[in-house]
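Asker: Below is the file run.txt, with compact mmCIF, C-alpha atoms.
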# COMPACT_ATOMS: atom_id res chain seq x y z
CA MET A 208 0.00 0.00 0.00
CA PRO A 209 1.23 3.55 -0.75
CA ALA A 210 2.39 5.59 2.23
CA ARG A 211 -0.60 7.96 2.15
CA ALA A 212 -2.97 5.00 2.19
CA LYS A 213 -1.17 3.48 5.17
CA ASP A 214 -1.44 6.81 7.00
CA PHE A 215 -5.15 6.91 6.19
CA LEU A 216 -5.72 3.40 7.55
CA ASN A 217 -3.84 4.23 10.75
CA TYR A 218 -5.93 7.38 11.11
CA GLN A 219 -9.15 5.41 10.74
CA SER A 220 -8.01 2.82 13.27
CA ILE A 221 -6.36 5.00 15.92
CA ILE A 222 -8.10 8.39 15.67
CA LYS A 223 -11.52 7.48 14.29
CA ASN A 224 -11.54 4.22 16.29
CA ARG A 225 -12.94 2.19 13.40
CA SER A 226 -13.29 -1.53 13.90
CA ALA A 227 -10.63 -3.86 12.50
CA THR A 228 -13.19 -5.15 10.00
CA THR A 229 -13.96 -1.65 8.70
CA VAL A 230 -10.26 -0.79 8.34
CA GLU A 231 -9.66 -4.06 6.49
CA GLN A 232 -12.50 -3.24 4.09
CA TYR A 233 -11.00 0.20 3.44
CA CYS A 234 -7.67 -1.49 2.76
CA LEU A 235 -9.09 -4.03 0.30
CA ASP A 236 -11.12 -1.42 -1.57
CA LEU A 237 -8.22 1.02 -1.90
CA ARG A 238 -5.77 -1.71 -2.92
CA LEU A 239 -8.13 -2.70 -5.74
CA PHE A 240 -8.48 0.95 -6.79
CA PHE A 241 -4.69 1.35 -6.90
CA LYS A 242 -4.37 -1.81 -9.00
CA PHE A 243 -7.00 -0.50 -11.40
CA MET A 244 -5.28 2.88 -11.71
CA PHE A 245 -1.87 1.27 -12.16
CA CYS A 246 -3.22 -0.79 -15.06
CA LYS A 247 -4.87 2.29 -16.54
CA LEU A 248 -1.71 4.40 -16.28
CA ASN A 249 0.37 1.65 -17.90
CA ASN A 250 -2.14 0.61 -20.58
CA ILE A 251 -2.52 -2.82 -19.03
CA SER A 252 -5.80 -4.63 -19.55
CA SER A 253 -8.00 -4.46 -16.47
CA ALA A 254 -8.62 -8.17 -16.99
CA LEU A 255 -5.10 -8.71 -15.64
CA ILE A 256 -5.69 -6.88 -12.36
CA GLU A 257 -6.15 -10.15 -10.49
CA ASN A 258 -3.09 -11.66 -12.18
CA GLU A 259 -0.33 -12.05 -9.60
CA ASP A 260 2.25 -11.78 -12.41
CA VAL A 261 1.43 -8.09 -12.77
CA THR A 262 3.77 -6.31 -10.35
CA MET A 263 2.46 -2.96 -9.16
CA ASP A 264 5.03 -0.23 -8.59
CA ILE A 265 3.52 1.82 -5.75
CA SER A 266 6.07 4.61 -6.23
CA VAL A 267 3.80 6.05 -8.93
CA PHE A 268 1.22 6.87 -6.24
CA ASP A 269 2.85 10.05 -5.01
CA ASP A 270 1.16 13.32 -4.06
CA ASN A 271 1.14 14.44 -7.68
CA PHE A 272 -0.85 11.33 -8.62
CA TYR A 273 -3.60 12.09 -6.11
CA ASN A 274 -3.96 15.58 -7.57
CA THR A 275 -4.54 14.11 -11.04
CA VAL A 276 -7.26 11.63 -10.10
CA THR A 277 -10.63 12.64 -11.50
CA LEU A 278 -14.24 11.81 -10.83
CA GLY A 279 -14.22 10.01 -14.18
CA ASP A 280 -11.49 7.67 -12.90
CA ALA A 281 -13.72 6.70 -10.00
CA TYR A 282 -16.70 5.95 -12.25
CA GLU A 283 -14.46 3.90 -14.57
CA PHE A 284 -13.32 1.94 -11.52
CA LEU A 285 -16.92 1.33 -10.41
CA ALA A 286 -17.84 0.23 -13.94
CA TYR A 287 -14.96 -2.26 -13.83
CA CYS A 288 -16.22 -3.54 -10.48
CA ARG A 289 -19.72 -4.03 -11.88
CA ASN A 290 -18.88 -5.42 -15.33
CA GLU A 291 -15.77 -7.51 -14.72
CA ARG A 292 -15.95 -8.35 -11.02
CA GLU A 293 -19.76 -8.58 -11.01
CA ASN A 294 -19.96 -6.58 -7.79
CA LYS A 295 -23.52 -5.95 -6.66
CA GLU A 296 -24.82 -2.54 -5.62
CA LYS A 297 -23.91 -3.01 -1.96
CA ALA A 298 -20.29 -3.95 -2.74
CA ARG A 299 -19.91 -0.99 -5.10
CA ALA A 300 -21.47 1.35 -2.55
CA ARG A 301 -18.87 0.23 -0.02
CA LYS A 302 -16.10 1.09 -2.50
CA VAL A 303 -17.64 4.53 -3.01
CA SER A 304 -17.57 5.03 0.76
CA SER A 305 -13.90 4.00 0.89
CA LEU A 306 -12.90 6.39 -1.90
CA ARG A 307 -14.85 9.26 -0.35
CA ALA A 308 -13.24 8.72 3.04
CA PHE A 309 -9.71 8.43 1.61
CA PHE A 310 -9.87 11.54 -0.57
CA LYS A 311 -11.57 13.49 2.20
CA TYR A 312 -8.58 12.58 4.38
CA LEU A 313 -6.15 13.72 1.64
CA ARG A 314 -7.95 17.06 1.30
CA MET A 315 -8.13 17.53 5.08
CA ASN A 316 -4.35 17.13 5.28
CA GLY A 317 -3.63 19.47 2.37
CA ILE A 318 -2.28 16.70 0.13
CA ILE A 319 -4.75 17.54 -2.65
CA GLU A 320 -6.15 20.96 -3.56
CA ASP A 321 -9.61 19.74 -4.59
CA ASN A 322 -11.49 16.61 -3.63
CA PRO A 323 -12.64 14.87 -6.84
CA MET A 324 -14.81 12.43 -4.84
CA ILE A 325 -16.99 15.06 -3.20
CA ASN A 326 -19.61 14.57 -5.95
CA LEU A 327 -19.15 10.81 -6.30
CA ASP A 328 -22.61 9.25 -6.26
CA SER A 329 -23.28 5.90 -4.66
CA PRO A 330 -25.24 3.16 -6.48
CA LYS A 331 -28.91 3.13 -5.59
CA LEU A 332 -29.49 0.20 -3.27
CA SER A 333 -32.55 -1.97 -3.62
CA LYS A 334 -34.63 -1.79 -0.46
CA ASN A 335 -35.04 -5.45 0.41
CA LEU A 336 -36.97 -6.14 3.58
CA PRO A 337 -34.97 -8.17 6.11
CA LYS A 338 -35.45 -11.94 6.08
CA TYR A 339 -36.32 -13.46 9.43
CA LEU A 340 -37.67 -16.55 11.17
CA ASN A 341 -41.21 -16.43 12.48
CA VAL A 342 -41.96 -17.48 16.06
CA GLU A 343 -42.64 -21.14 15.21
CA GLN A 344 -39.52 -21.37 13.05
CA ALA A 345 -37.40 -19.86 15.83
CA LYS A 346 -38.77 -22.39 18.30
CA LYS A 347 -38.06 -25.21 15.83
CA LEU A 348 -34.46 -24.04 15.48
CA LEU A 349 -33.95 -24.10 19.26
CA SER A 350 -35.55 -27.56 19.51
CA VAL A 351 -33.02 -29.26 17.20
CA ILE A 352 -29.91 -28.14 19.12
CA ASP A 353 -28.09 -31.11 20.61
CA GLY A 354 -24.69 -32.78 20.78
CA ALA A 355 -21.64 -32.47 23.00
CA ASN A 356 -21.87 -28.66 23.03
CA ARG A 357 -25.65 -28.47 23.41
CA GLU A 358 -25.68 -26.04 26.37
CA ARG A 359 -23.20 -23.69 24.70
CA ASP A 360 -24.90 -23.79 21.32
CA TYR A 361 -28.36 -23.39 22.82
CA CYS A 362 -27.16 -20.37 24.78
CA ILE A 363 -25.61 -18.79 21.68
CA VAL A 364 -28.73 -19.18 19.57
CA THR A 365 -30.93 -18.00 22.45
CA LEU A 366 -28.91 -14.79 22.82
CA LEU A 367 -28.95 -14.18 19.07
CA LEU A 368 -32.72 -14.67 18.88
CA ASN A 369 -33.54 -12.63 21.97
CA CYS A 370 -30.97 -9.83 22.03
CA GLY A 371 -30.37 -9.15 18.34
CA MET A 372 -26.61 -8.79 18.74
CA ARG A 373 -24.16 -8.92 15.86
CA LEU A 374 -21.92 -11.96 15.38
CA SER A 375 -18.82 -9.92 16.26
CA GLU A 376 -20.54 -8.75 19.44
CA LEU A 377 -21.53 -12.26 20.46
CA VAL A 378 -18.05 -13.77 20.18
CA SER A 379 -16.56 -10.84 22.13
CA LEU A 380 -18.93 -11.27 25.11
CA ASP A 381 -17.22 -11.51 28.51
CA TYR A 382 -18.84 -13.32 31.42
CA ASN A 383 -17.64 -10.65 33.87
CA LYS A 384 -19.68 -8.08 31.92
CA ILE A 385 -22.93 -9.77 32.98
CA THR A 386 -24.71 -8.29 36.01
CA PHE A 387 -27.21 -10.56 37.74
CA ASP A 388 -30.07 -9.15 39.79
CA GLY A 389 -32.25 -11.97 41.07
CA ASP A 390 -34.01 -13.58 38.10
CA SER A 391 -33.00 -10.78 35.74
CA ALA A 392 -29.66 -9.72 34.33
CA SER A 393 -28.01 -7.32 31.93
CA ILE A 394 -24.90 -7.52 29.81
CA ILE A 395 -22.49 -4.94 28.40
CA ILE A 396 -22.04 -5.40 24.65
CA THR A 397 -19.14 -3.88 22.74
CA GLY A 398 -20.37 -2.88 19.30
CA LYS A 399 -19.00 -1.07 16.27
CA GLY A 400 -16.28 1.45 16.98
CA SER A 401 -15.82 -0.11 20.45
CA LYS A 402 -19.02 1.61 21.58
CA GLN A 403 -20.59 -0.11 24.55
CA ARG A 404 -24.26 -0.51 25.35
CA THR A 405 -26.20 -2.35 28.06
CA VAL A 406 -28.78 -4.89 26.99
CA TYR A 407 -31.15 -6.48 29.48
CA LEU A 408 -31.49 -10.26 29.41
CA ASN A 409 -34.88 -11.93 29.64
CA HIS A 410 -35.62 -15.14 31.53
CA ALA A 411 -34.76 -17.38 28.57
CA CYS A 412 -31.31 -15.80 28.23
CA VAL A 413 -30.57 -15.99 31.98
CA ALA A 414 -31.63 -19.65 32.12
CA ALA A 415 -29.53 -20.52 29.06
CA ILE A 416 -26.43 -18.75 30.44
CA ASN A 417 -26.77 -20.47 33.82
CA ALA A 418 -27.19 -23.88 32.18
CA TYR A 419 -24.12 -23.30 30.02
CA MET A 420 -21.96 -22.02 32.88
CA ARG A 421 -22.69 -25.20 34.85
CA VAL A 422 -20.93 -27.27 32.18
CA ARG A 423 -18.46 -24.69 30.81
CA THR A 424 -14.93 -25.95 31.30
CA LYS A 425 -12.70 -24.14 33.78
CA ASP A 426 -9.44 -25.99 33.19
CA GLY A 427 -6.90 -24.79 30.63
CA VAL A 428 -8.99 -21.81 29.57
CA LYS A 429 -6.79 -19.28 27.77
CA ASP A 430 -9.23 -16.38 28.02
CA ARG A 431 -11.02 -16.74 31.33
CA ASN A 432 -13.31 -13.78 30.68
CA ALA A 433 -14.63 -15.17 27.39
CA LEU A 434 -18.22 -16.27 27.74
CA PHE A 435 -18.21 -18.73 24.85
CA LEU A 436 -15.32 -21.14 24.39
CA SER A 437 -14.28 -23.37 21.53
CA ASN A 438 -13.34 -27.03 21.95
CA ARG A 439 -9.72 -25.82 22.23
CA HIS A 440 -10.67 -23.76 25.29
CA THR A 441 -10.11 -20.48 23.46
CA ARG A 442 -12.62 -17.73 22.74
CA ILE A 443 -15.01 -19.03 20.12
CA SER A 444 -14.46 -17.69 16.60
CA PRO A 445 -17.03 -16.15 14.24
CA LYS A 446 -16.50 -18.98 11.74
CA THR A 447 -17.28 -21.60 14.39
CA VAL A 448 -20.54 -19.85 15.28
CA GLN A 449 -21.47 -19.44 11.62
CA HIS A 450 -20.86 -23.11 10.90
CA MET A 451 -22.74 -24.19 14.01
CA VAL A 452 -25.81 -22.09 13.16
CA ASP A 453 -25.76 -23.31 9.54
CA VAL A 454 -25.76 -26.93 10.75
CA TYR A 455 -28.77 -26.37 13.00
CA LEU A 456 -30.63 -24.38 10.34
CA GLU A 457 -30.16 -27.34 7.99
CA LYS A 458 -31.28 -29.76 10.68
CA ALA A 459 -34.41 -27.68 11.36
CA GLY A 460 -35.31 -27.81 7.67
CA PHE A 461 -34.36 -24.21 6.89
CA GLY A 462 -31.23 -24.91 4.84
CA GLY A 463 -30.98 -23.16 1.49
CA MET A 464 -33.64 -20.61 2.47
CA GLY A 465 -31.25 -17.68 2.89
CA PHE A 466 -31.06 -17.77 6.68
CA SER A 467 -27.81 -17.07 8.52
CA VAL A 468 -26.41 -15.79 11.81
CA HIS A 469 -27.18 -12.23 10.74
CA LYS A 470 -30.75 -13.22 9.92
CA LEU A 471 -31.14 -14.26 13.56
CA ARG A 472 -30.40 -10.62 14.45
CA HIS A 473 -33.17 -9.61 12.04
CA THR A 474 -35.42 -12.20 13.68
CA ALA A 475 -34.86 -10.76 17.15
CA ALA A 476 -35.48 -7.19 15.99
CA THR A 477 -38.58 -8.08 14.00
CA LEU A 478 -40.19 -10.16 16.74
CA MET A 479 -39.43 -7.53 19.40
CA TYR A 480 -41.02 -4.81 17.30
CA GLN A 481 -44.01 -6.80 16.07
CA THR A 482 -45.00 -8.83 19.11
CA GLY A 483 -43.35 -6.96 21.95
CA LYS A 484 -44.66 -3.54 20.91
CA VAL A 485 -41.14 -2.15 21.35
CA ASP A 486 -40.74 1.52 20.55
CA VAL A 487 -38.46 2.09 17.56
CA LEU A 488 -36.16 4.33 19.64
CA ALA A 489 -35.78 1.58 22.25
CA LEU A 490 -35.11 -0.94 19.48
CA LYS A 491 -32.41 1.37 18.10
CA GLU A 492 -30.61 1.28 21.46
CA ILE A 493 -30.96 -2.49 21.82
CA LEU A 494 -29.52 -3.12 18.35
CA GLY A 495 -26.76 -0.53 18.68
CA HIS A 496 -27.69 1.38 15.54
CA GLU A 497 -26.12 4.81 15.08
CA ASN A 498 -28.86 6.02 12.75
CA LEU A 499 -32.59 5.70 13.38
CA ASN A 500 -33.13 5.18 9.64
CA THR A 501 -31.36 1.83 9.95
CA THR A 502 -33.80 0.71 12.64
CA GLN A 503 -36.87 1.91 10.80
CA ILE A 504 -36.59 -0.88 8.23
CA TYR A 505 -38.39 -3.02 10.83
CA THR A 506 -41.29 -0.57 10.93
CA HIS A 507 -41.41 -0.74 7.12
CA LEU A 508 -41.55 -4.52 7.42
CA LEU A 509 -44.64 -4.26 9.60
CA ASP A 510 -46.23 -1.77 7.18
CA GLU A 511 -45.67 -4.24 4.33
CA GLN A 512 -47.31 -7.03 6.29
CA LEU A 513 -50.29 -4.84 7.13
CA LYS A 514 -50.64 -3.96 3.45
CA LYS A 515 -50.60 -7.62 2.45
CA ALA A 516 -53.13 -8.44 5.17
CA VAL A 517 -55.58 -5.89 3.76
CA GLU A 518 -55.00 -7.09 0.20
CA ALA A 519 -55.69 -10.66 1.33
CA ASN A 520 -59.23 -9.74 2.38
CA PRO A 521 -61.64 -11.84 0.25
CA LEU A 522 -63.65 -8.68 -0.48
CA ALA A 523 -60.60 -6.85 -1.85
CA ASP A 524 -61.54 -7.41 -5.52
CA ILE A 525 -65.21 -6.45 -5.28
CA ASN A 526 -66.20 -3.07 -6.71
CA SER A 527 -69.44 -1.23 -7.37
CA ASN A 528 -69.03 -1.11 -11.14
CA LYS A 529 -71.23 -3.59 -12.99
CA GLU A 530 -70.36 -4.49 -16.54
Before we go any further, please render this structure as structure tokens.
Answerer:
Amino acid sequence: MPARAKDFLNYQSIIKNRSATTVEQYCLDLRLFFKFMFCKLNNISSALIENEDVTMDISVFDDNFYNTVTLGDAYEFLAYCRNERENKEKARARKVSSLRAFFKYLRMNGIIEDNPMINLDSPKLSKNLPKYLNVEQAKKLLSVIDGANRERDYCIVTLLLNCGMRLSELVSLDYNKITFDGDSASIIITGKGSKQRTVYLNHACVAAINAYMRVRTKDGVKDRNALFLSNRHTRISPKTVQHMVDVYLEKAGFGGMGFSVHKLRHTAATLMYQTGKVDVLALKEILGHENLNTTQIYTHLLDEQLKKAVEANPLADINSNKE
């Protein structure tokens, strides 16, 4: 990576306190952009960008280079991503965000005189309603959990279905961040940007945690604060949780239906809003959303269901006009 890009990534990590995942995404997007521009500057076919035999000389990406980049270059790059890499709208939108952030950083530090990305438009995203399990499907998923790690796996799925936490948040949970108060409890969750929030645990979550802690190993544990442990007595990894959930989804008969760990977060949010009558502002805090617009997709989901319910009325097609 060119020096300016490395400085930008450090700035995002240390000053802006971005998550490691976000910084990595910035890195991948910018590296691809540099490869594209290198090929363009050297009249190399963009089809060879992924070819490891093409050696990129990063010395060409000096301050003068950044001052010559145009908005047209960015749109050519996005066209390449769509046509040759078959990137969908969401992936291209992420690349737009990376370019905007990087060139904003360059302008802020006086490296470029004008920011060519200030008018860079993002692809219009299709507004797909979140996919989720209904109540009976969620119960079915819990009922098929078994095996040597039953208590741990049941606890994981219970927390995902009841608290709506992200996968990264779940694997980072610490037992010493749980506060018990009789039959109730709360837990401190560390979300995006290391922001912490307190989420209250219902009876099902408390019971599942207690059942798991009774069988959770105490010997040879490398991270004693970690709530969920792998079979190697280390903090459980995201991939392990993803695989485990996929296995149980398949066992419950939901394989190949587009469900995933993240869809369990959608399930929790949807069920809380629809059946628990949770205020959208409260739901925003529970989910750890920065923007209320992100949370409001669940209110749109309910609106869509209400619309379909009205349209399903057997009198919906009757009118007063007689032919």
Asker: Excluding range 346-359 of chain A and any residue of its chain fewer than 2 positions from it, enumerate the residues within 7 Å of it, using all atoms listed in the file, and give them as a PDB file with C-alpha atoms, keeping the file's coordinate frame.
Answerer:
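Contents of result-v7.pdb, freshly written:
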ATOM      1  CA  VAL A 342     -41.960 -17.480  16.060  1.00  0.00           C
ATOM      2  CA  GLU A 343     -42.640 -21.140  15.210  1.00  0.00           C
ATOM      3  CA  GLN A 344     -39.520 -21.370  13.050  1.00  0.00           C
ATOM      4  CA  TYR A 361     -28.360 -23.390  22.820  1.00  0.00           C
ATOM      5  CA  CYS A 362     -27.160 -20.370  24.780  1.00  0.00           C
ATOM      6  CA  ILE A 363     -25.610 -18.790  21.680  1.00  0.00           C
ATOM      7  CA  ALA A 418     -27.190 -23.880  32.180  1.00  0.00           C
ATOM      8  CA  TYR A 419     -24.120 -23.300  30.020  1.00  0.00           C
ATOM      9  CA  TYR A 455     -28.770 -26.370  13.000  1.00  0.00           C
ATOM     10  CA  LEU A 456     -30.630 -24.380  10.340  1.00  0.00           C
ATOM     11  CA  LYS A 458     -31.280 -29.760  10.680  1.00  0.00           C
ATOM     12  CA  ALA A 459     -34.410 -27.680  11.360  1.00  0.00           C
TER      13      ALA A 459
END
Asker: Using all atoms listed in the file, find each residue of range 282-377 of chain A with at least one atom at most 12 Å away from an atom of range 266-277 of chain A; report its shortest atom-to-atom pair and that distance in Å (one decimal), sort the rows by chain and rising residue number, and return the result as a tab-separated table.
Answerer:
residue	atom	partner	partner_atom	distance
A:Tyr282	CA	A:Thr277	CA	9.1
A:Glu283	CA	A:Thr277	CA	10.0
A:Phe284	CA	A:Thr277	CA	11.0
A:Leu306	CA	A:Val276	CA	11.2
A:Phe309	CA	A:Tyr273	CA	10.5
A:Phe310	CA	A:Tyr273	CA	8.4
A:Lys311	CA	A:Tyr273	CA	11.6
A:Tyr312	CA	A:Tyr273	CA	11.6
A:Leu313	CA	A:Tyr273	CA	8.3
A:Arg314	CA	A:Asn274	CA	9.8
A:Asn316	CA	A:Asp270	CA	11.5
A:Gly317	CA	A:Asp270	CA	10.1
A:Ile318	CA	A:Asp270	CA	6.4
A:Ile319	CA	A:Asn274	CA	5.4
A:Glu320	CA	A:Asn274	CA	7.1
A:Asp321	CA	A:Asn274	CA	7.6
A:Asn322	CA	A:Asn274	CA	8.6
A:Pro323	CA	A:Thr277	CA	5.5
A:Met324	CA	A:Thr277	CA	7.9
A:Ile325	CA	A:Thr277	CA	10.7
A:Asn326	CA	A:Thr277	CA	10.7
A:Leu327	CA	A:Thr277	CA	10.1
Asker: Please list as a list in words every residue within 8 Å of Val452 in chain A, counting only C-alpha atoms and excluding residues in the same chain fewer than 4 positions away.
Answerer: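 Contacts, with the query itself left out: Val364, Val448, Leu456, Ser467 and Val468 of chain A.
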Asker: Just the number, please: distance in Å from CA of Pro330 in chain A to CA of Ile221 in chain A, one decimal.
Answerer: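 CA of Ile221 in chain A lies 29.4 Å from CA of Pro330 in chain A.
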Asker: Please, what distance in Å, to one decimal, runs between CA of Ile443 in chain A and CA of Gly460 in chain A?
Answerer: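 Those two atoms sit 25.4 Å apart.
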Asker: (3.2, 2.1, -2.2) in this file's frame - what residues fall within 10 Å of it? Use only C-alpha atoms and give the answer as a ChimeraX atom specification.
Answerer: /A:208-213,238,241,263-269
Asker: Those residues with C-alpha atoms, as a PDB file, keeping the file's coordinate frame please?
Answerer:
ATOM      1  CA  MET A 208       0.000   0.000   0.000  1.00  0.00           C
ATOM      2  CA  PRO A 209       1.230   3.550  -0.750  1.00  0.00           C
ATOM      3  CA  ALA A 210       2.390   5.590   2.230  1.00  0.00           C
ATOM      4  CA  ARG A 211      -0.600   7.960   2.150  1.00  0.00           C
ATOM      5  CA  ALA A 212      -2.970   5.000   2.190  1.00  0.00           C
ATOM      6  CA  LYS A 213      -1.170   3.480   5.170  1.00  0.00           C
ATOM      7  CA  ARG A 238      -5.770  -1.710  -2.920  1.00  0.00           C
ATOM      8  CA  PHE A 241      -4.690   1.350  -6.900  1.00  0.00           C
ATOM      9  CA  MET A 263       2.460  -2.960  -9.160  1.00  0.00           C
ATOM     10  CA  ASP A 264       5.030  -0.230  -8.590  1.00  0.00           C
ATOM     11  CA  ILE A 265       3.520   1.820  -5.750  1.00  0.00           C
ATOM     12  CA  SER A 266       6.070   4.610  -6.230  1.00  0.00           C
ATOM     13  CA  VAL A 267       3.800   6.050  -8.930  1.00  0.00           C
ATOM     14  CA  PHE A 268       1.220   6.870  -6.240  1.00  0.00           C
ATOM     15  CA  ASP A 269       2.850  10.050  -5.010  1.00  0.00           C
TER      16      ASP A 269
END
Asker: Go through range 276-361 of chain A residue by residue and, counting all atoms listed in the file, keep those with an atom at most 10 Å from range 233-236 of chain A; for each kept residue give the shortest atom pair and its distance in Å to one decimal, ordered by chain and increasing number, as a Markdown table.
Answerer:
| residue | atom | partner | partner_atom | distance |
| --- | --- | --- | --- | --- |
| A:Ala298 | CA | A:Asp236 | CA | 9.6 |
| A:Arg299 | CA | A:Asp236 | CA | 9.5 |
| A:Arg301 | CA | A:Asp236 | CA | 8.1 |
| A:Lys302 | CA | A:Asp236 | CA | 5.7 |
| A:Val303 | CA | A:Asp236 | CA | 8.9 |
| A:Ser304 | CA | A:Tyr233 | CA | 8.6 |
| A:Ser305 | CA | A:Tyr233 | CA | 5.4 |
| A:Leu306 | CA | A:Asp236 | CA | 8.0 |
| A:Ala308 | CA | A:Tyr233 | CA | 8.8 |
| A:Phe309 | CA | A:Tyr233 | CA | 8.5 |
Asker: Suppose we keep C-alpha atoms; can you now write the selection as a PDB file, keeping the file's coordinate frame?
Answerer:
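Output contents, as saved in again_38.pdb:
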ATOM      1  CA  ALA A 298     -20.290  -3.950  -2.740  1.00  0.00           C
ATOM      2  CA  ARG A 299     -19.910  -0.990  -5.100  1.00  0.00           C
ATOM      3  CA  ARG A 301     -18.870   0.230  -0.020  1.00  0.00           C
ATOM      4  CA  LYS A 302     -16.100   1.090  -2.500  1.00  0.00           C
ATOM      5  CA  VAL A 303     -17.640   4.530  -3.010  1.00  0.00           C
ATOM      6  CA  SER A 304     -17.570   5.030   0.760  1.00  0.00           C
ATOM      7  CA  SER A 305     -13.900   4.000   0.890  1.00  0.00           C
ATOM      8  CA  LEU A 306     -12.900   6.390  -1.900  1.00  0.00           C
ATOM      9  CA  ALA A 308     -13.240   8.720   3.040  1.00  0.00           C
ATOM     10  CA  PHE A 309      -9.710   8.430   1.610  1.00  0.00           C
TER      11      PHE A 309
END
